[in-house]
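Asks: So here's model-v4.pdb (PDB, C-alpha atoms).
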```pdb
ATOM      1  CA  MET A 300       4.909 -23.567   2.885
ATOM      2  CA  GLY A 301       2.645 -24.736   0.048
ATOM      3  CA  MET A 302      -0.932 -25.471   0.924
ATOM      4  CA  ASN A 303      -0.839 -28.962  -0.612
ATOM      5  CA  LYS A 304       2.157 -29.865   1.566
ATOM      6  CA  LEU A 305       0.267 -29.346   4.820
ATOM      7  CA  PRO A 306      -0.922 -32.579   6.462
ATOM      8  CA  LEU A 307      -4.644 -33.186   6.150
ATOM      9  CA  ALA A 308      -5.152 -33.037   9.929
ATOM     10  CA  LYS A 309      -3.546 -29.604  10.105
ATOM     11  CA  ARG A 310      -5.675 -28.291   7.229
ATOM     12  CA  VAL A 311      -8.830 -29.583   8.924
ATOM     13  CA  GLN A 312      -7.697 -27.920  12.149
ATOM     14  CA  ILE A 313      -7.278 -24.565  10.393
ATOM     15  CA  LEU A 314     -10.799 -24.671   8.905
ATOM     16  CA  SER A 315     -12.301 -25.827  12.188
ATOM     17  CA  MET A 316     -10.661 -23.019  14.122
ATOM     18  CA  LEU A 317     -11.792 -20.447  11.572
ATOM     19  CA  CYS A 318     -15.371 -21.604  12.200
ATOM     20  CA  GLU A 319     -14.976 -21.541  15.978
ATOM     21  CA  GLY A 320     -14.235 -17.847  16.272
ATOM     22  CA  VAL A 321     -10.417 -17.956  16.359
ATOM     23  CA  SER A 322      -8.573 -15.121  14.633
ATOM     24  CA  MET A 323      -6.339 -15.843  11.650
ATOM     25  CA  ARG A 324      -3.122 -14.777  13.383
ATOM     26  CA  ALA A 325      -3.978 -16.838  16.466
ATOM     27  CA  ILE A 326      -4.531 -19.856  14.219
ATOM     28  CA  GLY A 327      -1.142 -19.266  12.624
ATOM     29  CA  ARG A 328       0.522 -19.241  16.051
ATOM     30  CA  MET A 329      -1.273 -22.333  17.349
ATOM     31  CA  VAL A 330      -0.961 -24.444  14.196
ATOM     32  CA  ASP A 331       2.557 -23.150  13.457
ATOM     33  CA  VAL A 332       1.892 -21.823   9.975
ATOM     34  CA  SER A 333       2.178 -18.335   8.518
ATOM     35  CA  PRO A 334      -0.865 -16.013   8.454
ATOM     36  CA  ASN A 335      -0.599 -16.068   4.661
ATOM     37  CA  THR A 336      -1.139 -19.829   4.717
ATOM     38  CA  VAL A 337      -4.307 -19.398   6.784
ATOM     39  CA  ASP A 338      -5.449 -16.641   4.426
ATOM     40  CA  LYS A 339      -4.848 -18.815   1.363
ATOM     41  CA  MET A 340      -6.770 -21.692   2.891
ATOM     42  CA  LEU A 341      -9.691 -19.396   3.761
ATOM     43  CA  VAL A 342      -9.894 -18.145   0.173
ATOM     44  CA  GLU A 343      -9.789 -21.643  -1.299
ATOM     45  CA  ALA A 344     -12.290 -23.061   1.191
ATOM     46  CA  GLY A 345     -14.605 -20.068   0.827
ATOM     47  CA  LYS A 346     -14.826 -20.494  -2.925
ATOM     48  CA  VAL A 347     -15.499 -24.224  -2.617
ATOM     49  CA  CYS A 348     -18.132 -23.756   0.113
ATOM     50  CA  ALA A 349     -19.960 -21.130  -1.970
ATOM     51  CA  GLU A 350     -20.097 -23.662  -4.827
ATOM     52  CA  LEU A 351     -21.309 -26.432  -2.507
ATOM     53  CA  HIS A 352     -24.052 -24.223  -1.066
ATOM     54  CA  ASP A 353     -25.216 -23.292  -4.544
ATOM     55  CA  GLU A 354     -25.350 -26.949  -5.601
ATOM     56  CA  MET A 355     -26.766 -28.553  -2.450
ATOM     57  CA  VAL A 356     -29.252 -26.020  -1.054
ATOM     58  CA  ARG A 357     -31.946 -26.580  -3.679
ATOM     59  CA  ASP A 358     -35.658 -27.495  -3.619
ATOM     60  CA  VAL A 359     -35.931 -26.607   0.063
ATOM     61  CA  THR A 360     -39.414 -27.385   1.398
ATOM     62  CA  ALA A 361     -39.475 -24.556   3.921
ATOM     63  CA  LYS A 362     -42.793 -23.215   5.180
ATOM     64  CA  ARG A 363     -41.550 -20.152   7.062
ATOM     65  CA  VAL A 364     -38.445 -18.121   6.209
ATOM     66  CA  GLN A 365     -37.109 -15.298   8.364
ATOM     67  CA  CYS A 366     -34.708 -12.698   6.953
ATOM     68  CA  ASP A 367     -32.374 -10.195   8.571
ATOM     69  CA  GLU A 368     -29.070  -8.410   8.014
ATOM     70  CA  ILE A 369     -26.153  -8.177  10.455
ATOM     71  CA  TRP A 370     -23.617  -5.347  10.611
ATOM     72  CA  ALA A 371     -19.831  -5.568  10.402
ATOM     73  CA  PHE A 372     -17.140  -3.528   8.675
ATOM     74  CA  SER A 373     -14.090  -3.913   6.463
ATOM     75  CA  TYR A 374     -10.830  -2.062   7.199
ATOM     76  CA  CYS A 375     -12.577   0.694   9.165
ATOM     77  CA  LYS A 376     -16.049   1.859  10.107
ATOM     78  CA  GLN A 377     -18.003   3.953   7.624
ATOM     79  CA  ARG A 378     -17.727   7.139   9.662
ATOM     80  CA  THR A 379     -13.914   7.006   9.642
ATOM     81  CA  VAL A 380     -13.362   6.096   5.974
ATOM     82  CA  ALA A 381     -12.700   9.719   4.989
ATOM     83  CA  THR A 382      -9.831  10.095   7.487
ATOM     84  CA  ALA A 383      -8.426   6.544   7.308
ATOM     85  CA  LYS A 384      -4.938   6.065   5.852
ATOM     86  CA  ARG A 385      -4.708   4.015   2.651
ATOM     87  CA  ALA A 386      -8.328   2.888   2.931
ATOM     88  CA  PRO A 387      -9.336   0.633  -0.001
ATOM     89  CA  ALA A 388     -12.303   1.554  -2.180
ATOM     90  CA  ASP A 389     -14.591  -0.969  -0.456
ATOM     91  CA  ALA A 390     -13.712   0.049   3.111
ATOM     92  CA  GLY A 391     -16.572   0.754   5.492
ATOM     93  CA  ASP A 392     -19.719  -0.936   6.729
ATOM     94  CA  ILE A 393     -20.757  -4.383   5.500
ATOM     95  CA  ARG A 394     -24.143  -6.049   5.809
ATOM     96  CA  THR A 395     -24.422  -9.827   5.799
ATOM     97  CA  TRP A 396     -27.962 -10.800   4.815
ATOM     98  CA  THR A 397     -29.355 -14.197   5.783
ATOM     99  CA  ALA A 398     -32.589 -16.045   5.054
ATOM    100  CA  LEU A 399     -33.263 -18.772   7.632
ATOM    101  CA  ASP A 400     -35.802 -21.605   7.567
ATOM    102  CA  ALA A 401     -37.604 -21.215  10.909
ATOM    103  CA  ASP A 402     -38.262 -24.969  11.245
ATOM    104  CA  SER A 403     -35.036 -26.648  10.112
ATOM    105  CA  LYS A 404     -32.836 -23.610  10.981
ATOM    106  CA  LEU A 405     -31.219 -24.004   7.551
ATOM    107  CA  ILE A 406     -29.489 -20.984   6.008
ATOM    108  CA  VAL A 407     -31.415 -20.927   2.739
ATOM    109  CA  SER A 408     -29.494 -17.974   1.334
ATOM    110  CA  TYR A 409     -26.898 -15.409   2.365
ATOM    111  CA  LEU A 410     -25.388 -12.306   0.808
ATOM    112  CA  VAL A 411     -22.494 -10.007   1.693
ATOM    113  CA  GLY A 412     -23.054  -6.438   0.554
ATOM    114  CA  ASP A 413     -24.494  -3.120   1.676
ATOM    115  CA  ARG A 414     -27.980  -2.314   3.021
ATOM    116  CA  SER A 415     -29.339  -1.124  -0.309
ATOM    117  CA  GLY A 416     -32.453  -2.152  -2.170
ATOM    118  CA  GLN A 417     -30.310  -3.891  -4.779
ATOM    119  CA  ALA A 418     -28.793  -6.163  -2.132
ATOM    120  CA  ALA A 419     -32.276  -7.036  -0.864
ATOM    121  CA  ILE A 420     -33.389  -7.853  -4.427
ATOM    122  CA  GLU A 421     -30.405 -10.168  -4.962
ATOM    123  CA  LEU A 422     -31.108 -11.974  -1.695
ATOM    124  CA  MET A 423     -34.814 -12.491  -2.388
ATOM    125  CA  ASP A 424     -34.228 -13.602  -5.965
ATOM    126  CA  ASP A 425     -31.817 -16.226  -4.649
ATOM    127  CA  VAL A 426     -34.235 -17.323  -1.916
ATOM    128  CA  ARG A 427     -37.012 -17.755  -4.471
ATOM    129  CA  GLY A 428     -34.809 -19.941  -6.656
ATOM    130  CA  ARG A 429     -34.012 -22.309  -3.787
ATOM    131  CA  LEU A 430     -37.534 -22.956  -2.483
ATOM    132  CA  ALA A 431     -39.784 -25.789  -3.611
ATOM    133  CA  ASP A 432     -43.164 -24.424  -2.475
ATOM    134  CA  ARG A 433     -45.031 -21.300  -1.445
ATOM    135  CA  VAL A 434     -43.559 -19.848   1.723
ATOM    136  CA  GLN A 435     -44.328 -17.392   4.494
ATOM    137  CA  ILE A 436     -41.667 -14.696   4.877
ATOM    138  CA  SER A 437     -41.024 -12.494   7.895
ATOM    139  CA  THR A 438     -38.625  -9.529   7.871
ATOM    140  CA  ASP A 439     -37.991  -6.449   9.937
ATOM    141  CA  GLY A 440     -39.303  -3.061   8.823
ATOM    142  CA  HIS A 441     -36.449  -2.294   6.412
ATOM    143  CA  LYS A 442     -38.179  -0.764   3.377
ATOM    144  CA  ALA A 443     -35.811  -2.445   0.909
ATOM    145  CA  TYR A 444     -37.550  -5.770   1.570
ATOM    146  CA  LEU A 445     -40.877  -4.528   0.204
ATOM    147  CA  GLU A 446     -39.794  -4.157  -3.408
ATOM    148  CA  ALA A 447     -37.447  -7.155  -3.185
ATOM    149  CA  VAL A 448     -40.111  -9.605  -2.023
ATOM    150  CA  GLU A 449     -42.626  -8.263  -4.527
ATOM    151  CA  GLY A 450     -40.148  -8.560  -7.379
ATOM    152  CA  ALA A 451     -39.054 -12.100  -6.489
ATOM    153  CA  PHE A 452     -42.387 -13.673  -5.491
ATOM    154  CA  GLY A 453     -45.109 -11.438  -6.892
ATOM    155  CA  GLY A 454     -48.348 -12.484  -5.215
ATOM    156  CA  ASP A 455     -47.157 -16.059  -4.602
ATOM    157  CA  VAL A 456     -46.036 -15.465  -1.017
ATOM    158  CA  ASP A 457     -47.400 -14.816   2.467
ATOM    159  CA  TYR A 458     -45.366 -11.895   3.727
ATOM    160  CA  ALA A 459     -45.420  -9.773   6.878
ATOM    161  CA  GLN A 460     -43.033  -7.342   8.544
ATOM    162  CA  VAL A 461     -42.143  -7.088  12.218
ATOM    163  CA  ILE A 462     -41.662  -3.385  12.928
ATOM    164  CA  LYS A 463     -39.945  -2.511  16.202
ATOM    165  CA  THR A 464     -39.768   0.898  17.837
ATOM    166  CA  TYR A 465     -36.913   1.851  20.142
ATOM    167  CA  GLY A 466     -36.344   4.307  22.935
ATOM    168  CA  PRO A 467     -33.590   6.925  23.036
ATOM    169  CA  THR A 468     -30.009   5.958  22.180
ATOM    170  CA  PRO A 469     -27.939   5.172  25.300
ATOM    171  CA  THR A 470     -25.660   7.891  26.642
ATOM    172  CA  PRO A 471     -22.002   7.906  25.498
ATOM    173  CA  ALA A 472     -20.918   5.961  28.597
ATOM    174  CA  GLY A 473     -23.125   3.054  27.494
ATOM    175  CA  ARG A 474     -23.009   3.572  23.749
ATOM    176  CA  TYR A 475     -22.316  -0.111  23.062
ATOM    177  CA  SER A 476     -25.583  -1.126  24.719
ATOM    178  CA  PRO A 477     -28.590  -1.412  22.392
ATOM    179  CA  ALA A 478     -31.492   0.989  22.716
ATOM    180  CA  GLU A 479     -34.498  -0.404  24.564
ATOM    181  CA  CYS A 480     -37.258  -1.841  22.369
ATOM    182  CA  THR A 481     -40.433   0.008  23.308
ATOM    183  CA  GLY A 482     -42.917  -1.682  20.972
ATOM    184  CA  VAL A 483     -43.463  -4.310  18.273
ATOM    185  CA  LYS A 484     -46.014  -4.117  15.464
ATOM    186  CA  LYS A 485     -46.787  -6.811  12.889
ATOM    187  CA  VAL A 486     -47.877  -5.606   9.451
ATOM    188  CA  ARG A 487     -49.297  -7.833   6.709
ATOM    189  CA  VAL A 488     -47.807  -7.008   3.312
ATOM    190  CA  GLU A 489     -48.873  -9.834   0.971
ATOM    191  CA  GLY A 490     -51.016 -12.980   1.103
ATOM    192  CA  LYS A 491     -52.347 -14.510   4.316
ATOM    193  CA  PRO A 492     -49.463 -15.009   6.738
ATOM    194  CA  GLU A 493     -50.167 -17.008   9.904
ATOM    195  CA  TRP A 494     -50.036 -14.343  12.583
ATOM    196  CA  LYS A 495     -48.496 -16.558  15.267
ATOM    197  CA  HIS A 496     -45.562 -17.297  12.934
ATOM    198  CA  VAL A 497     -44.848 -13.686  11.962
ATOM    199  CA  SER A 498     -41.512 -13.327  13.720
ATOM    200  CA  THR A 499     -37.798 -12.684  13.198
ATOM    201  CA  SER A 500     -36.733 -14.271  16.486
ATOM    202  CA  PHE A 501     -34.918 -17.278  15.024
ATOM    203  CA  VAL A 502     -32.865 -15.298  12.515
ATOM    204  CA  GLU A 503     -31.974 -12.736  15.184
ATOM    205  CA  VAL A 504     -30.724 -15.517  17.472
ATOM    206  CA  HIS A 505     -28.746 -16.817  14.523
ATOM    207  CA  ASN A 506     -27.077 -13.401  14.236
ATOM    208  CA  LYS A 507     -25.578 -14.089  17.675
ATOM    209  CA  THR A 508     -24.408 -17.504  16.477
ATOM    210  CA  MET A 509     -22.645 -15.858  13.554
ATOM    211  CA  ARG A 510     -20.867 -13.415  15.855
ATOM    212  CA  MET A 511     -19.759 -16.307  18.089
ATOM    213  CA  HIS A 512     -18.384 -18.425  15.236
ATOM    214  CA  MET A 513     -16.634 -15.766  13.132
ATOM    215  CA  ARG A 514     -13.976 -13.629  14.765
ATOM    216  CA  ARG A 515     -14.355 -10.841  12.213
ATOM    217  CA  PHE A 516     -17.896 -10.199  13.521
ATOM    218  CA  THR A 517     -16.753  -9.736  17.132
ATOM    219  CA  ARG A 518     -17.132  -6.141  18.253
ATOM    220  CA  LEU A 519     -14.378  -4.068  19.920
ATOM    221  CA  THR A 520     -11.461  -6.147  18.625
ATOM    222  CA  ASN A 521      -8.973  -5.770  15.775
ATOM    223  CA  GLY A 522     -10.081  -9.080  14.268
ATOM    224  CA  HIS A 523     -12.415  -7.306  11.829
ATOM    225  CA  SER A 524     -12.196  -7.953   8.088
ATOM    226  CA  LYS A 525      -9.515  -6.102   6.166
ATOM    227  CA  LYS A 526     -10.911  -7.146   2.767
ATOM    228  CA  VAL A 527     -14.543  -7.517   1.738
ATOM    229  CA  ALA A 528     -13.625 -10.532  -0.393
ATOM    230  CA  ASN A 529     -12.204 -12.386   2.608
ATOM    231  CA  HIS A 530     -15.283 -11.448   4.604
ATOM    232  CA  ALA A 531     -17.421 -13.115   1.932
ATOM    233  CA  HIS A 532     -15.177 -16.201   1.877
ATOM    234  CA  MET A 533     -15.526 -16.568   5.655
ATOM    235  CA  VAL A 534     -19.311 -16.268   5.484
ATOM    236  CA  ALA A 535     -19.403 -18.951   2.772
ATOM    237  CA  LEU A 536     -17.211 -21.278   4.864
ATOM    238  CA  TYR A 537     -19.352 -20.653   7.939
ATOM    239  CA  ALA A 538     -22.621 -21.243   6.063
ATOM    240  CA  PHE A 539     -21.463 -24.672   4.887
ATOM    241  CA  PHE A 540     -20.119 -25.492   8.352
ATOM    242  CA  TYR A 541     -23.410 -24.435   9.973
ATOM    243  CA  ASN A 542     -25.692 -26.150   7.442
ATOM    244  CA  PHE A 543     -23.843 -29.411   6.810
ATOM    245  CA  ILE A 544     -21.129 -30.055   9.442
ATOM    246  CA  ARG A 545     -22.062 -28.627  12.851
ATOM    247  CA  THR A 546     -24.553 -30.483  15.044
ATOM    248  CA  HIS A 547     -27.362 -28.089  15.939
ATOM    249  CA  SER A 548     -27.810 -28.082  19.710
ATOM    250  CA  LYS A 549     -31.606 -28.306  19.541
ATOM    251  CA  LEU A 550     -32.022 -30.519  16.478
ATOM    252  CA  LYS A 551     -29.246 -33.015  17.358
ATOM    253  CA  MET A 552     -28.400 -33.125  13.657
ATOM    254  CA  THR A 553     -27.417 -30.616  10.989
ATOM    255  CA  PRO A 554     -29.987 -28.156   9.618
ATOM    256  CA  ALA A 555     -29.454 -29.732   6.181
ATOM    257  CA  MET A 556     -30.445 -33.152   7.554
ATOM    258  CA  GLN A 557     -33.483 -31.626   9.254
ATOM    259  CA  ALA A 558     -34.454 -29.959   5.971
ATOM    260  CA  LYS A 559     -33.982 -33.313   4.191
ATOM    261  CA  ILE A 560     -31.480 -32.014   1.645
ATOM    262  CA  ALA A 561     -28.732 -34.165   3.222
ATOM    263  CA  THR A 562     -28.797 -37.637   4.747
ATOM    264  CA  THR A 563     -25.577 -37.524   6.749
ATOM    265  CA  PHE A 564     -22.992 -35.178   8.200
ATOM    266  CA  SER A 565     -20.465 -33.552   5.906
ATOM    267  CA  SER A 566     -16.923 -32.747   7.063
ATOM    268  CA  PHE A 567     -14.032 -30.396   6.472
ATOM    269  CA  GLU A 568     -12.314 -33.326   4.765
ATOM    270  CA  ASP A 569     -15.026 -33.089   2.077
ATOM    271  CA  VAL A 570     -14.191 -29.419   1.565
ATOM    272  CA  ILE A 571     -10.455 -30.145   1.345
ATOM    273  CA  ALA A 572     -11.039 -32.998  -1.114
ATOM    274  CA  ARG A 573     -12.899 -30.575  -3.378
ATOM    275  CA  ILE A 574     -10.098 -28.021  -3.073
ATOM    276  CA  ASP A 575      -7.546 -30.642  -4.062
ATOM    277  CA  ALA A 576      -9.661 -31.855  -6.968
ATOM    278  CA  ALA A 577      -9.759 -28.324  -8.347
ATOM    279  CA  ASN A 578      -6.026 -27.814  -7.767
ATOM    280  CA  PRO A 579      -4.166 -31.028  -8.641
ATOM    281  CA  PRO A 580      -0.522 -31.091  -7.519
ATOM    282  CA  ALA A 581       2.051 -29.999 -10.073
ATOM    283  CA  LYS A 582       3.962 -32.735 -11.836
ATOM    284  CA  VAL A 583       7.445 -33.411 -10.538
ATOM    285  CA  ARG A 584       9.985 -31.939 -12.915
ATOM    286  CA  GLY A 585      12.564 -34.313 -14.345
ATOM    287  CA  PRO A 586      16.331 -33.784 -14.240
ATOM    288  CA  TYR A 587      17.702 -30.799 -16.114
ATOM    289  CA  LYS A 588      19.422 -31.631 -19.352
ATOM    290  CA  LYS A 589      21.873 -29.272 -20.923
ATOM    291  CA  ARG A 590      21.118 -28.257 -24.488
ATOM    292  CA  ALA A 591      23.516 -29.851 -26.869
ATOM    293  CA  LEU A 592      25.721 -27.424 -28.760
ATOM    294  CA  ALA A 593      25.246 -27.324 -32.522
TER     295      ALA A 593
END
```
Show me this structure written as structure tokens.
Replies:
Amino acid sequence: MGMNKLPLAKRVQILSMLCEGVSMRAIGRMVDVSPNTVDKMLVEAGKVCAELHDEMVRDVTAKRVQCDEIWAFSYCKQRTVATAKRAPADAGDIRTWTALDADSKLIVSYLVGDRSGQAAIELMDDVRGRLADRVQISTDGHKAYLEAVEGAFGGDVDYAQVIKTYGPTPTPAGRYSPAECTGVKKVRVEGKPEWKHVSTSFVEVHNKTMRMHMRRFTRLTNGHSKKVANHAHMVALYAFFYNFIRTHSKLKMTPAMQAKIATTFSSFEDVIARIDAANPPAKVRGPYKKRALA
């Protein structure tokens, strides 16, 4: 079934379900389409949402930005890549980096990659390009942030790290439970950050929101990403949904409206309209005419 032949309501339903934590195969069963159709729609919507984020999330007047990275994996976990059958080259752990405005709860920037210093540099360079004014940044103690923030902002930033220490790793019987946090230390890195606002609490809560809204982030299931590219498309779709479509439970509006980069709610219909504009339907072919013999 061609994507352009699906009714608009069914296409909206597919995108909505993707952003509400439903797996792709479950969507196919409930909407009565093939998994390939859901996959194709995710790819198209992901590309469009990445473009919309790049265009619309500009000149953000944030005062405090919190950054963090959340773990997931593609195809298989990093420790089993060596023994996995037919594992693609990009199989293994994935880190999804996010930079969140602590006041408006807007996702200022996001990045799908690894946990390297280069990924941190790309994130911070993008954050810097989207902000209108000087900002206070809070991150965890990951060392990659130090060079990244310095390279992107120089001395024009108020930056501090929240460094947490943890107790021993839980025993094998409880290995899915996090280790107990035994201490928190705030360290000033650059500028004059307001101490009471040095925190990563909001972005860490948002990590839970991401796991709730994207099935591929849910632990202990087989809904994990099979391709890194599709993982990135889903994150792009979610980011637009979260910033511009979904009503934030505390704000009673979208984060984009709170940040004053949007005046009204967007919709999945807007995303689909952009998809269709980029992929106009093929012209109907006329009747076949036999070639006249010479």
Asks: Report the residues retrieved by the PyMOL selection byres ((chain A and resi 341) around 10) from the displayed file, expressed as a VMD selection string.
Replies: chain A and resid 313 to 314 317 323 335 to 340 342 to 347 529 to 530 532 to 533 535 to 536
Asks: Please identify all polymer residues within 9 Å of Leu307 (chain A), counting only C-alpha atoms, omitting same-chain residues fewer than 4 positions from it, and present them as number ranges by chain.
Replies: A: 303, 311-312, 568, 571
Asks: Run the PyMOL selection byres ((chain A and resi 544) around 7) on the file and write out the hits as an mmCIF file with C-alpha atoms, keeping the file's coordinate frame.
Replies:
```
data_model
loop_
_atom_site.group_PDB
_atom_site.id
_atom_site.type_symbol
_atom_site.label_atom_id
_atom_site.label_comp_id
_atom_site.auth_asym_id
_atom_site.auth_seq_id
_atom_site.Cartn_x
_atom_site.Cartn_y
_atom_site.Cartn_z
ATOM 1 C CA PHE A 540 -20.119 -25.492 8.352
ATOM 2 C CA TYR A 541 -23.410 -24.435 9.973
ATOM 3 C CA ASN A 542 -25.692 -26.150 7.442
ATOM 4 C CA PHE A 543 -23.843 -29.411 6.810
ATOM 5 C CA ARG A 545 -22.062 -28.627 12.851
ATOM 6 C CA THR A 546 -24.553 -30.483 15.044
ATOM 7 C CA THR A 553 -27.417 -30.616 10.989
ATOM 8 C CA PHE A 564 -22.992 -35.178 8.200
ATOM 9 C CA SER A 565 -20.465 -33.552 5.906
ATOM 10 C CA SER A 566 -16.923 -32.747 7.063
#
```
Asks: Could you tell me how far CA of Ala558 (chain A) lies from CA of Leu445 (chain A), in Å and to one decimal?
Replies: 26.9 Å
Asks: Find the distance between CA of Pro306 (chain A) and CA of Arg573 (chain A) and write it in Å to one decimal.
Replies: 15.6 Å
Asks: So which one's closest to Ser498 (chain A), A:Asp425, A:Asp432, A:Glu479, A:Asp400? Using all atoms listed in the file, please.
Replies: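 Residue with the minimum atom-to-atom distance to Ser498 (chain A): A:Asp400.
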